[in-house]
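Engineer: Contents of data.cif (mmCIF, C-alpha atoms and all ligand atoms):
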data_protein
#
loop_
_atom_site.group_PDB
_atom_site.id
_atom_site.type_symbol
_atom_site.label_atom_id
_atom_site.label_comp_id
_atom_site.auth_asym_id
_atom_site.auth_seq_id
_atom_site.Cartn_x
_atom_site.Cartn_y
_atom_site.Cartn_z
ATOM 1 C CA MET A 1 11.611 -15.094 22.728
ATOM 2 C CA ASN A 2 8.963 -15.546 25.468
ATOM 3 C CA GLN A 3 5.744 -17.534 25.395
ATOM 4 C CA ASN A 4 3.658 -14.530 24.390
ATOM 5 C CA ASP A 5 5.810 -14.066 21.330
ATOM 6 C CA ASP A 6 5.499 -17.752 20.507
ATOM 7 C CA GLY A 7 1.715 -17.540 20.738
ATOM 8 C CA ARG A 8 1.552 -14.456 18.616
ATOM 9 C CA ARG A 9 3.910 -15.956 16.084
ATOM 10 C CA ALA A 10 1.709 -19.046 15.765
ATOM 11 C CA GLU A 11 -1.355 -16.857 15.328
ATOM 12 C CA LEU A 12 0.282 -14.706 12.647
ATOM 13 C CA ALA A 13 1.646 -17.807 10.907
ATOM 14 C CA ALA A 14 -1.831 -19.364 10.749
ATOM 15 C CA ASN A 15 -3.379 -16.138 9.462
ATOM 16 C CA LEU A 16 -0.628 -15.791 6.904
ATOM 17 C CA VAL A 17 -1.280 -19.306 5.585
ATOM 18 C CA GLN A 18 -4.969 -18.455 5.181
ATOM 19 C CA VAL A 19 -4.307 -15.161 3.426
ATOM 20 C CA ARG A 20 -1.773 -16.760 1.099
ATOM 21 C CA GLU A 21 -4.330 -19.488 0.309
ATOM 22 C CA ARG A 22 -6.956 -16.868 -0.502
ATOM 23 C CA ILE A 23 -4.503 -15.115 -2.807
ATOM 24 C CA ALA A 24 -3.542 -18.392 -4.490
ATOM 25 C CA ARG A 25 -7.185 -19.421 -5.001
ATOM 26 C CA ALA A 26 -8.079 -16.008 -6.407
ATOM 27 C CA CYS A 27 -5.106 -16.164 -8.778
ATOM 28 C CA THR A 28 -6.039 -19.639 -9.988
ATOM 29 C CA ALA A 29 -9.626 -18.533 -10.561
ATOM 30 C CA ALA A 30 -8.364 -15.559 -12.563
ATOM 31 C CA GLY A 31 -5.858 -17.600 -14.562
ATOM 32 C CA ARG A 32 -2.969 -15.793 -12.909
ATOM 33 C CA GLU A 33 0.141 -16.998 -11.079
ATOM 34 C CA PRO A 34 0.219 -16.420 -7.289
ATOM 35 C CA GLY A 35 3.707 -14.999 -7.734
ATOM 36 C CA GLU A 36 2.201 -12.086 -9.658
ATOM 37 C CA VAL A 37 0.590 -10.736 -6.489
ATOM 38 C CA THR A 38 2.617 -9.228 -3.647
ATOM 39 C CA LEU A 39 1.165 -9.290 -0.149
ATOM 40 C CA THR A 40 1.636 -6.052 1.764
ATOM 41 C CA ALA A 41 0.929 -6.562 5.465
ATOM 42 C CA VAL A 42 -0.742 -3.419 6.786
ATOM 43 C CA THR A 43 0.600 -3.278 10.339
ATOM 44 C CA LYS A 44 -0.857 0.080 11.456
ATOM 45 C CA THR A 45 -1.806 0.132 15.164
ATOM 46 C CA TYR A 46 0.140 -3.117 15.722
ATOM 47 C CA PRO A 47 3.540 -3.147 17.454
ATOM 48 C CA ALA A 48 6.953 -3.390 15.853
ATOM 49 C CA SER A 49 7.264 -6.871 17.379
ATOM 50 C CA ASP A 50 4.498 -8.042 15.007
ATOM 51 C CA VAL A 51 6.397 -6.652 12.037
ATOM 52 C CA VAL A 52 9.512 -8.531 13.176
ATOM 53 C CA LEU A 53 7.503 -11.771 13.501
ATOM 54 C CA LEU A 54 5.922 -11.283 10.062
ATOM 55 C CA ALA A 55 9.332 -10.631 8.522
ATOM 56 C CA GLY A 56 10.526 -13.889 10.102
ATOM 57 C CA LEU A 57 7.564 -15.641 8.481
ATOM 58 C CA GLY A 58 8.575 -14.412 5.043
ATOM 59 C CA VAL A 59 6.559 -11.226 4.657
ATOM 60 C CA THR A 60 8.565 -8.787 2.532
ATOM 61 C CA ASP A 61 6.309 -5.725 2.356
ATOM 62 C CA VAL A 62 4.634 -3.804 5.166
ATOM 63 C CA GLY A 63 2.212 -0.875 5.056
ATOM 64 C CA GLU A 64 1.642 1.954 7.514
ATOM 65 C CA ASN A 65 -0.601 4.997 7.400
ATOM 66 C CA LYS A 66 0.759 7.454 9.981
ATOM 67 C CA ASP A 67 4.192 8.991 9.700
ATOM 68 C CA GLN A 68 5.047 9.184 13.389
ATOM 69 C CA GLU A 69 3.996 5.610 14.105
ATOM 70 C CA ALA A 70 5.634 4.269 10.951
ATOM 71 C CA GLY A 71 8.959 6.040 11.435
ATOM 72 C CA ALA A 72 9.310 4.855 15.023
ATOM 73 C CA LYS A 73 8.323 1.304 14.060
ATOM 74 C CA ALA A 74 10.752 1.173 11.136
ATOM 75 C CA ASP A 75 13.573 2.153 13.494
ATOM 76 C CA VAL A 76 12.687 -0.523 16.060
ATOM 77 C CA VAL A 77 12.261 -3.182 13.361
ATOM 78 C CA SER A 78 15.588 -2.512 11.725
ATOM 79 C CA ALA A 79 17.320 -2.339 15.126
ATOM 80 C CA ALA A 80 15.852 -5.810 15.767
ATOM 81 C CA GLY A 81 17.694 -7.007 12.681
ATOM 82 C CA ALA A 82 14.713 -7.309 10.322
ATOM 83 C CA THR A 83 16.279 -5.412 7.453
ATOM 84 C CA GLY A 84 15.358 -5.616 3.793
ATOM 85 C CA LEU A 85 11.645 -5.041 4.325
ATOM 86 C CA ARG A 86 9.890 -2.733 1.892
ATOM 87 C CA TRP A 87 7.912 -0.064 3.759
ATOM 88 C CA HIS A 88 4.795 1.232 2.015
ATOM 89 C CA PHE A 89 3.124 4.411 3.192
ATOM 90 C CA VAL A 90 -0.608 4.089 2.505
ATOM 91 C CA GLY A 91 -2.200 6.964 4.461
ATOM 92 C CA GLN A 92 -2.979 10.578 3.724
ATOM 93 C CA LEU A 93 0.292 12.462 3.743
ATOM 94 C CA GLN A 94 0.890 16.125 4.582
ATOM 95 C CA ARG A 95 3.585 17.860 2.592
ATOM 96 C CA ASN A 96 5.436 18.810 5.773
ATOM 97 C CA LYS A 97 5.924 15.079 6.469
ATOM 98 C CA ALA A 98 7.614 14.406 3.123
ATOM 99 C CA ARG A 99 11.134 14.550 4.532
ATOM 100 C CA SER A 100 10.258 12.282 7.384
ATOM 101 C CA VAL A 101 8.666 9.537 5.244
ATOM 102 C CA ALA A 102 11.403 9.713 2.624
ATOM 103 C CA ARG A 103 13.803 8.587 5.347
ATOM 104 C CA TYR A 104 12.261 5.137 5.918
ATOM 105 C CA ALA A 105 9.645 4.485 3.219
ATOM 106 C CA ASP A 106 10.333 2.667 -0.028
ATOM 107 C CA VAL A 107 6.955 3.325 -1.641
ATOM 108 C CA ILE A 108 4.428 6.116 -1.088
ATOM 109 C CA GLU A 109 1.099 4.695 -2.280
ATOM 110 C CA SER A 110 -1.091 7.663 -1.433
ATOM 111 C CA VAL A 111 0.231 10.417 -3.696
ATOM 112 C CA ASP A 112 -2.602 12.669 -4.750
ATOM 113 C CA SER A 113 -1.280 16.086 -5.746
ATOM 114 C CA VAL A 114 1.454 17.802 -7.720
ATOM 115 C CA ARG A 115 2.345 19.769 -4.592
ATOM 116 C CA LEU A 116 2.983 16.582 -2.654
ATOM 117 C CA ILE A 117 5.077 15.260 -5.556
ATOM 118 C CA THR A 118 7.217 18.397 -5.487
ATOM 119 C CA ALA A 119 7.761 17.980 -1.752
ATOM 120 C CA LEU A 120 8.602 14.268 -2.073
ATOM 121 C CA ASP A 121 10.993 14.910 -4.950
ATOM 122 C CA ARG A 122 12.821 17.495 -2.869
ATOM 123 C CA ALA A 123 12.834 15.162 0.154
ATOM 124 C CA SER A 124 14.288 12.308 -1.870
ATOM 125 C CA ALA A 125 17.511 14.266 -2.397
ATOM 126 C CA GLU A 126 18.859 12.632 0.765
ATOM 127 C CA ARG A 127 18.112 9.122 -0.504
ATOM 128 C CA THR A 128 20.420 6.791 -2.377
ATOM 129 C CA VAL A 129 17.619 5.227 -4.444
ATOM 130 C CA PRO A 130 14.586 6.978 -5.959
ATOM 131 C CA LEU A 131 11.411 6.941 -3.907
ATOM 132 C CA GLU A 132 8.685 4.912 -5.603
ATOM 133 C CA VAL A 133 5.314 6.619 -5.763
ATOM 134 C CA LEU A 134 1.871 5.305 -6.637
ATOM 135 C CA ILE A 135 -0.881 7.727 -7.542
ATOM 136 C CA GLN A 136 -3.969 7.141 -5.417
ATOM 137 C CA VAL A 137 -7.091 7.282 -7.561
ATOM 138 C CA SER A 138 -10.488 8.360 -6.340
ATOM 139 C CA ILE A 139 -12.717 5.771 -7.999
ATOM 140 C CA ASP A 140 -15.979 7.559 -7.248
ATOM 141 C CA GLY A 141 -14.646 11.045 -7.997
ATOM 142 C CA ASP A 142 -14.983 12.198 -4.390
ATOM 143 C CA PRO A 143 -11.527 13.620 -3.615
ATOM 144 C CA ASP A 144 -12.450 14.322 0.018
ATOM 145 C CA ARG A 145 -11.648 10.739 0.872
ATOM 146 C CA GLY A 146 -8.236 10.809 -0.744
ATOM 147 C CA GLY A 147 -7.075 10.231 -4.254
ATOM 148 C CA VAL A 148 -7.069 12.186 -7.478
ATOM 149 C CA ILE A 149 -10.082 12.321 -9.738
ATOM 150 C CA GLU A 150 -9.670 10.866 -13.211
ATOM 151 C CA ASN A 151 -9.313 14.259 -14.903
ATOM 152 C CA ASP A 152 -6.342 15.140 -12.722
ATOM 153 C CA LEU A 153 -4.652 11.769 -12.998
ATOM 154 C CA TRP A 154 -2.601 12.527 -16.094
ATOM 155 C CA GLY A 155 -1.172 15.804 -14.817
ATOM 156 C CA VAL A 156 -0.231 14.251 -11.486
ATOM 157 C CA SER A 157 1.279 11.188 -13.196
ATOM 158 C CA GLU A 158 3.377 13.338 -15.503
ATOM 159 C CA ALA A 159 4.655 15.354 -12.537
ATOM 160 C CA ALA A 160 5.769 12.136 -10.838
ATOM 161 C CA ALA A 161 7.265 10.631 -14.000
ATOM 162 C CA SER A 162 9.325 13.752 -14.639
ATOM 163 C CA SER A 163 10.652 14.061 -11.066
ATOM 164 C CA PRO A 164 14.275 12.849 -10.970
ATOM 165 C CA GLY A 165 14.073 11.718 -7.345
ATOM 166 C CA LEU A 166 10.892 9.697 -7.828
ATOM 167 C CA ARG A 167 9.892 6.597 -9.744
ATOM 168 C CA LEU A 168 6.284 6.361 -10.904
ATOM 169 C CA GLY A 169 5.275 2.812 -9.998
ATOM 170 C CA GLY A 170 1.568 2.787 -10.828
ATOM 171 C CA LEU A 171 -1.783 3.304 -9.135
ATOM 172 C CA MET A 172 -3.447 2.608 -5.797
ATOM 173 C CA ALA A 173 -7.121 2.680 -4.893
ATOM 174 C CA VAL A 174 -9.562 1.768 -2.167
ATOM 175 C CA ALA A 175 -12.998 0.545 -3.274
ATOM 176 C CA PRO A 176 -15.445 3.307 -2.296
ATOM 177 C CA ARG A 177 -18.035 2.482 0.340
ATOM 178 C CA GLY A 178 -21.262 1.331 -1.223
ATOM 179 C CA TRP A 179 -19.608 0.241 -4.444
ATOM 180 C CA GLU A 180 -19.397 -3.326 -5.667
ATOM 181 C CA PRO A 181 -15.649 -4.055 -5.393
ATOM 182 C CA ASP A 182 -15.729 -5.617 -8.878
ATOM 183 C CA ARG A 183 -17.056 -2.419 -10.380
ATOM 184 C CA ALA A 184 -14.486 -0.306 -8.539
ATOM 185 C CA PHE A 185 -11.503 -2.465 -9.473
ATOM 186 C CA GLU A 186 -12.659 -2.821 -13.073
ATOM 187 C CA LYS A 187 -12.525 0.955 -13.337
ATOM 188 C CA LEU A 188 -9.088 1.003 -11.720
ATOM 189 C CA ALA A 189 -7.910 -1.621 -14.231
ATOM 190 C CA VAL A 190 -8.935 0.598 -17.147
ATOM 191 C CA LEU A 191 -7.005 3.554 -15.697
ATOM 192 C CA SER A 192 -3.994 1.345 -14.935
ATOM 193 C CA GLY A 193 -3.973 0.120 -18.513
ATOM 194 C CA ARG A 194 -3.927 3.677 -19.794
ATOM 195 C CA LEU A 195 -1.181 4.668 -17.362
ATOM 196 C CA ALA A 196 1.024 1.736 -18.367
ATOM 197 C CA ALA A 197 0.495 2.591 -22.037
ATOM 198 C CA ARG A 198 2.003 6.007 -21.334
ATOM 199 C CA TYR A 199 4.586 4.926 -18.768
ATOM 200 C CA PRO A 200 5.549 1.303 -19.457
ATOM 201 C CA ALA A 201 7.335 0.869 -16.110
ATOM 202 C CA ALA A 202 4.256 1.981 -14.147
ATOM 203 C CA THR A 203 2.670 -1.451 -13.829
ATOM 204 C CA THR A 204 1.819 -1.634 -10.122
ATOM 205 C CA VAL A 205 -1.870 -1.923 -9.276
ATOM 206 C CA SER A 206 -2.297 -1.741 -5.494
ATOM 207 C CA ALA A 207 -5.858 -2.785 -4.768
ATOM 208 C CA GLY A 208 -7.679 -5.107 -2.453
ATOM 209 C CA MET A 209 -7.884 -5.315 1.316
ATOM 210 C CA SER A 210 -9.073 -8.025 3.717
ATOM 211 C CA GLY A 211 -12.663 -7.818 2.504
ATOM 212 C CA ASP A 212 -12.167 -7.608 -1.229
ATOM 213 C CA LEU A 213 -8.825 -9.063 -2.251
ATOM 214 C CA GLU A 214 -10.470 -11.652 -4.516
ATOM 215 C CA ALA A 215 -12.199 -8.979 -6.612
ATOM 216 C CA ALA A 216 -8.977 -6.974 -6.809
ATOM 217 C CA ILE A 217 -6.986 -9.972 -8.035
ATOM 218 C CA ARG A 218 -9.707 -10.722 -10.594
ATOM 219 C CA HIS A 219 -9.099 -7.244 -11.997
ATOM 220 C CA GLY A 220 -5.328 -7.333 -12.125
ATOM 221 C CA ALA A 221 -4.078 -6.215 -8.707
ATOM 222 C CA THR A 222 -0.325 -6.712 -8.381
ATOM 223 C CA HIS A 223 -0.313 -5.775 -4.680
ATOM 224 C CA VAL A 224 -2.947 -6.465 -2.027
ATOM 225 C CA ARG A 225 -2.874 -4.559 1.281
ATOM 226 C CA ILE A 226 -4.022 -6.799 4.102
ATOM 227 C CA GLY A 227 -4.455 -5.707 7.710
ATOM 228 C CA THR A 228 -7.351 -7.317 9.577
ATOM 229 C CA SER A 229 -7.144 -10.812 8.078
ATOM 230 C CA LEU A 230 -3.480 -11.046 9.030
ATOM 231 C CA LEU A 231 -3.153 -9.179 12.310
ATOM 232 C CA GLY A 232 -6.699 -9.155 13.679
ATOM 233 C CA MET A 233 -9.334 -6.477 14.187
ATOM 234 C CA ARG A 234 -7.984 -3.053 15.029
ATOM 235 C CA ASN A 235 -9.386 -1.321 18.115
ATOM 236 C CA SER A 236 -9.631 2.135 16.644
ATOM 237 C CA LEU A 237 -11.332 3.173 13.464
ATOM 238 C CA ARG A 238 -8.438 3.894 11.145
HETATM 239 C C1 LIG B 1 -5.900 -0.101 6.831
HETATM 240 C C2 LIG B 1 -5.701 -0.121 5.375
HETATM 241 C C3 LIG B 1 -5.686 -1.338 4.657
HETATM 242 C C4 LIG B 1 -5.913 -2.694 5.311
HETATM 243 O O1 LIG B 1 -7.287 -2.863 5.506
HETATM 244 P P1 LIG B 1 -7.886 -4.228 6.114
HETATM 245 O O2 LIG B 1 -9.334 -4.122 5.771
HETATM 246 O O3 LIG B 1 -7.632 -4.197 7.573
HETATM 247 O O4 LIG B 1 -7.224 -5.352 5.433
HETATM 248 C C5 LIG B 1 -5.447 -1.271 3.294
HETATM 249 N N1 LIG B 1 -5.271 -0.102 2.652
HETATM 250 C C6 LIG B 1 -5.283 1.082 3.293
HETATM 251 C C7 LIG B 1 -5.075 2.325 2.515
HETATM 252 C C8 LIG B 1 -5.510 1.106 4.667
HETATM 253 O O5 LIG B 1 -5.540 2.288 5.300
#
For this file, produce the structure as structure tokens.
Ligand SMILES: *Cc1c(COP(=O)(O)O)cnc(C)c1O
Structural biologist:
Amino acid sequence: MNQNDDGRRAELAANLVQVRERIARACTAAGREPGEVTLTAVTKTYPASDVVLLAGLGVTDVGENKDQEAGAKADVVSAAGATGLRWHFVGQLQRNKARSVARYADVIESVDSVRLITALDRASAERTVPLEVLIQVSIDGDPDRGGVIENDLWGVSEAAASSPGLRLGGLMAVAPRGWEPDRAFEKLAVLSGRLAARYPAATTVSAGMSGDLEAAIRHGATHVRIGTSLLGMRNSLR
């Protein structure tokens, strides 16, 4: 390991301490246990070497949003010996990429159509364990920015729950621009409650990013997806 790696490791370690402290404080304020919230490090645009360093620092879950980048990174990371990570796919996913993501991903958080579910179910035939899927919800009802609208949520959830190769884990959402995060995540919490009433194993609530993790935890997030606060500002808008 060269000096650059040492510097980067120290930087990531310091950021990780701060993020974990934010999570712990938010949990305490909400009367929850920090262990109830899983940190997913969103490593998009950052190199595989960062994922390896984060894994060495105890991060267990990583998120990516582009199939080509994620697949290549997962290969490099596992070749470097960092096995046992859970890979979350959090970006918009084309059906023709289903086979590719099913090869390395453990969780697809951005499922938003029955057609995608059909493709993922078929793709999971080559897996030894079911592929976990979260249904991405469009909080403001604008499906153009990803996610299913509330009216379609139950049909999409049932399609996932009845797919033998998939496991319906719960819901994911991004707070819409211009919305108070509290209002967005409160709405997500209501939908998550209804989903879990129908599908008791579907308890995952993936919500909260660098800017709004406290609000998400206040409203029951079980997973927060943190990029910027852990790895730094990304150059490109993605
Ligand atoms: C990039 C991304 C994140 C991380 O966002 P930050 O603001 O950098 O923490 C979380 N969720 C999704 C779906 C993303 O695309």
Engineer: Between A:Arg22, A:Arg32, A:Arg115, A:Lys66, which is the closest to ligand LIG 1 (chain B) once you count only C-alpha atoms and all ligand atoms?
Structural biologist: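 Among A:Arg22, A:Arg32, A:Arg115, A:Lys66, it is A:Lys66 that comes nearest to ligand LIG 1 (chain B).
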Engineer: In Å, with one decimal, what is the gap from atom CA of Gly220 of chain A to atom CA of Leu57 of chain A?
Structural biologist: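 Interatomic distance here is 25.7 Å.
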Engineer: Write out as JSON lines the residues of chain A that have any atom within 8 Å of an atom of ligand LIG 1 (chain B), one row each with the nearest atom pair and its distance in Å to one decimal, counting only C-alpha atoms and all ligand atoms, sorted by chain and then rising number.
Structural biologist:
{"residue": "A:Ala41", "atom": "CA", "partner": "B:LIG1", "partner_atom": "C4", "distance": 7.9}
{"residue": "A:Val42", "atom": "CA", "partner": "B:LIG1", "partner_atom": "C4", "distance": 5.4}
{"residue": "A:Lys44", "atom": "CA", "partner": "B:LIG1", "partner_atom": "C1", "distance": 6.8}
{"residue": "A:Gly63", "atom": "CA", "partner": "B:LIG1", "partner_atom": "C5", "distance": 7.9}
{"residue": "A:Glu64", "atom": "CA", "partner": "B:LIG1", "partner_atom": "O5", "distance": 7.5}
{"residue": "A:Asn65", "atom": "CA", "partner": "B:LIG1", "partner_atom": "O5", "distance": 6.0}
{"residue": "A:Val90", "atom": "CA", "partner": "B:LIG1", "partner_atom": "C7", "distance": 4.8}
{"residue": "A:Gly91", "atom": "CA", "partner": "B:LIG1", "partner_atom": "C7", "distance": 5.8}
{"residue": "A:Ser110", "atom": "CA", "partner": "B:LIG1", "partner_atom": "C7", "distance": 7.7}
{"residue": "A:Ala173", "atom": "CA", "partner": "B:LIG1", "partner_atom": "C7", "distance": 7.7}
{"residue": "A:Val174", "atom": "CA", "partner": "B:LIG1", "partner_atom": "C7", "distance": 6.5}
{"residue": "A:Ala207", "atom": "CA", "partner": "B:LIG1", "partner_atom": "N1", "distance": 7.9}
{"residue": "A:Gly208", "atom": "CA", "partner": "B:LIG1", "partner_atom": "C5", "distance": 7.3}
{"residue": "A:Met209", "atom": "CA", "partner": "B:LIG1", "partner_atom": "O4", "distance": 4.2}
{"residue": "A:Ser210", "atom": "CA", "partner": "B:LIG1", "partner_atom": "O4", "distance": 3.7}
{"residue": "A:Gly211", "atom": "CA", "partner": "B:LIG1", "partner_atom": "O2", "distance": 6.0}
{"residue": "A:Val224", "atom": "CA", "partner": "B:LIG1", "partner_atom": "C5", "distance": 7.8}
{"residue": "A:Arg225", "atom": "CA", "partner": "B:LIG1", "partner_atom": "C5", "distance": 4.6}
{"residue": "A:Ile226", "atom": "CA", "partner": "B:LIG1", "partner_atom": "O4", "distance": 3.8}
{"residue": "A:Gly227", "atom": "CA", "partner": "B:LIG1", "partner_atom": "O3", "distance": 3.5}
{"residue": "A:Thr228", "atom": "CA", "partner": "B:LIG1", "partner_atom": "O3", "distance": 3.7}
{"residue": "A:Ser229", "atom": "CA", "partner": "B:LIG1", "partner_atom": "O4", "distance": 6.1}
{"residue": "A:Leu230", "atom": "CA", "partner": "B:LIG1", "partner_atom": "O4", "distance": 7.7}
{"residue": "A:Gly232", "atom": "CA", "partner": "B:LIG1", "partner_atom": "O3", "distance": 7.9}
{"residue": "A:Met233", "atom": "CA", "partner": "B:LIG1", "partner_atom": "O3", "distance": 7.2}
{"residue": "A:Arg234", "atom": "CA", "partner": "B:LIG1", "partner_atom": "O3", "distance": 7.6}
{"residue": "A:Arg238", "atom": "CA", "partner": "B:LIG1", "partner_atom": "C1", "distance": 6.4}
Engineer: Each side padded by 4 Å, which centre and which edge lengths in Å (one decimal) define the axis-aligned box around the listed atoms of segment 40-59 of chain A? Give them as JSON.
Structural biologist:
{"center_x": 4.4, "center_y": -7.8, "center_z": 9.6, "size_x": 20.3, "size_y": 23.8, "size_z": 23.7}
Engineer: What lies within 8 Å of segment 67-69 of chain A using only C-alpha atoms, ignoring chain neighbours under 2 positions off, as an mmCIF file with C-alpha atoms, in the coordinates of the input?
Structural biologist:
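Result saved to part-v9.cif:
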data_model
loop_
_atom_site.group_PDB
_atom_site.id
_atom_site.type_symbol
_atom_site.label_atom_id
_atom_site.label_comp_id
_atom_site.auth_asym_id
_atom_site.auth_seq_id
_atom_site.Cartn_x
_atom_site.Cartn_y
_atom_site.Cartn_z
ATOM 1 C CA LYS A 44 -0.857 0.080 11.456
ATOM 2 C CA GLU A 64 1.642 1.954 7.514
ATOM 3 C CA ASN A 65 -0.601 4.997 7.400
ATOM 4 C CA GLY A 71 8.959 6.040 11.435
ATOM 5 C CA ALA A 72 9.310 4.855 15.023
ATOM 6 C CA LYS A 73 8.323 1.304 14.060
ATOM 7 C CA LEU A 93 0.292 12.462 3.743
ATOM 8 C CA LYS A 97 5.924 15.079 6.469
ATOM 9 C CA SER A 100 10.258 12.282 7.384
ATOM 10 C CA VAL A 101 8.666 9.537 5.244
#
Engineer: Enter the distance from atom CA of Glu109 of chain A to atom CA of Leu134 of chain A, in Å, rounded to one decimal.
Structural biologist: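 Here the two named atoms are 4.5 Å from each other.
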Engineer: For the PyMOL selection byres (((chain A and resi 222) around 6) and not hetatm), applied here, can you spell out every residue it catches as a ChimeraX atom specification?
Structural biologist: /A:37,204-205,221,223
Engineer: Identify all residues satisfying the PyMOL selection byres (((chain A and resi 83) around 12) and not hetatm) in the given file; provide them as a PyMOL selection string.
Structural biologist: chain A and resi 51-52+55-56+59-62+74-82+84-87+104
Engineer: One decimal, Å: what's the distance from atom CA of Pro143 of chain A over to atom CA of Leu171 of chain A, could you say?
Structural biologist: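 Value for the atom CA of Pro143 of chain A-atom CA of Leu171 of chain A distance: 15.2 Å.
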Engineer: Tell me which of A:Thr43, A:Tyr199, A:Met172, A:Arg194 sits closest to Glu158 of chain A, counting all atoms listed in the file.
Structural biologist: A:Tyr199
Engineer: Quick one: of A:Ala105, A:Ala196, A:Ile217, A:Val148, who's nearest to Ile135 of chain A, counting all atoms listed in the file?
Structural biologist: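 Selected residue with least distance to Ile135 of chain A: A:Val148.
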Engineer: Report as a PDB file with C-alpha atoms, in the coordinates of the input all protein, DNA and RNA residues lying within 9 Å of segment 122-131 of chain A, evaluated on only C-alpha atoms, omitting residues in the same chain fewer than 4 positions from it.
Structural biologist:
ATOM      1  CA  ALA A  98       7.614  14.406   3.123  1.00  0.00           C
ATOM      2  CA  ARG A  99      11.134  14.550   4.532  1.00  0.00           C
ATOM      3  CA  SER A 100      10.258  12.282   7.384  1.00  0.00           C
ATOM      4  CA  VAL A 101       8.666   9.537   5.244  1.00  0.00           C
ATOM      5  CA  ALA A 102      11.403   9.713   2.624  1.00  0.00           C
ATOM      6  CA  ARG A 103      13.803   8.587   5.347  1.00  0.00           C
ATOM      7  CA  ALA A 105       9.645   4.485   3.219  1.00  0.00           C
ATOM      8  CA  ASP A 106      10.333   2.667  -0.028  1.00  0.00           C
ATOM      9  CA  VAL A 107       6.955   3.325  -1.641  1.00  0.00           C
ATOM     10  CA  ILE A 108       4.428   6.116  -1.088  1.00  0.00           C
ATOM     11  CA  ILE A 117       5.077  15.260  -5.556  1.00  0.00           C
ATOM     12  CA  THR A 118       7.217  18.397  -5.487  1.00  0.00           C
ATOM     13  CA  PRO A 164      14.275  12.849 -10.970  1.00  0.00           C
ATOM     14  CA  GLY A 165      14.073  11.718  -7.345  1.00  0.00           C
ATOM     15  CA  LEU A 166      10.892   9.697  -7.828  1.00  0.00           C
ATOM     16  CA  ARG A 167       9.892   6.597  -9.744  1.00  0.00           C
ATOM     17  CA  LEU A 168       6.284   6.361 -10.904  1.00  0.00           C
TER      18      LEU A 168
END
Engineer: On this structure, which residues satisfy the PyMOL selection byres (((chain A and resi 13-17) around 8) and not hetatm), written as a compact mmCIF listing (two decimals) with C-alpha atoms, in the frame of the given file?
Structural biologist:
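Listing of out-v2.txt after writing:
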# COMPACT_ATOMS: atom_id res chain seq x y z
CA ARG A 9 3.91 -15.96 16.08
CA ALA A 10 1.71 -19.05 15.76
CA GLU A 11 -1.36 -16.86 15.33
CA LEU A 12 0.28 -14.71 12.65
CA GLN A 18 -4.97 -18.45 5.18
CA VAL A 19 -4.31 -15.16 3.43
CA ARG A 20 -1.77 -16.76 1.10
CA GLU A 21 -4.33 -19.49 0.31
CA LEU A 54 5.92 -11.28 10.06
CA LEU A 57 7.56 -15.64 8.48
CA SER A 229 -7.14 -10.81 8.08
CA LEU A 230 -3.48 -11.05 9.03
CA LEU A 231 -3.15 -9.18 12.31
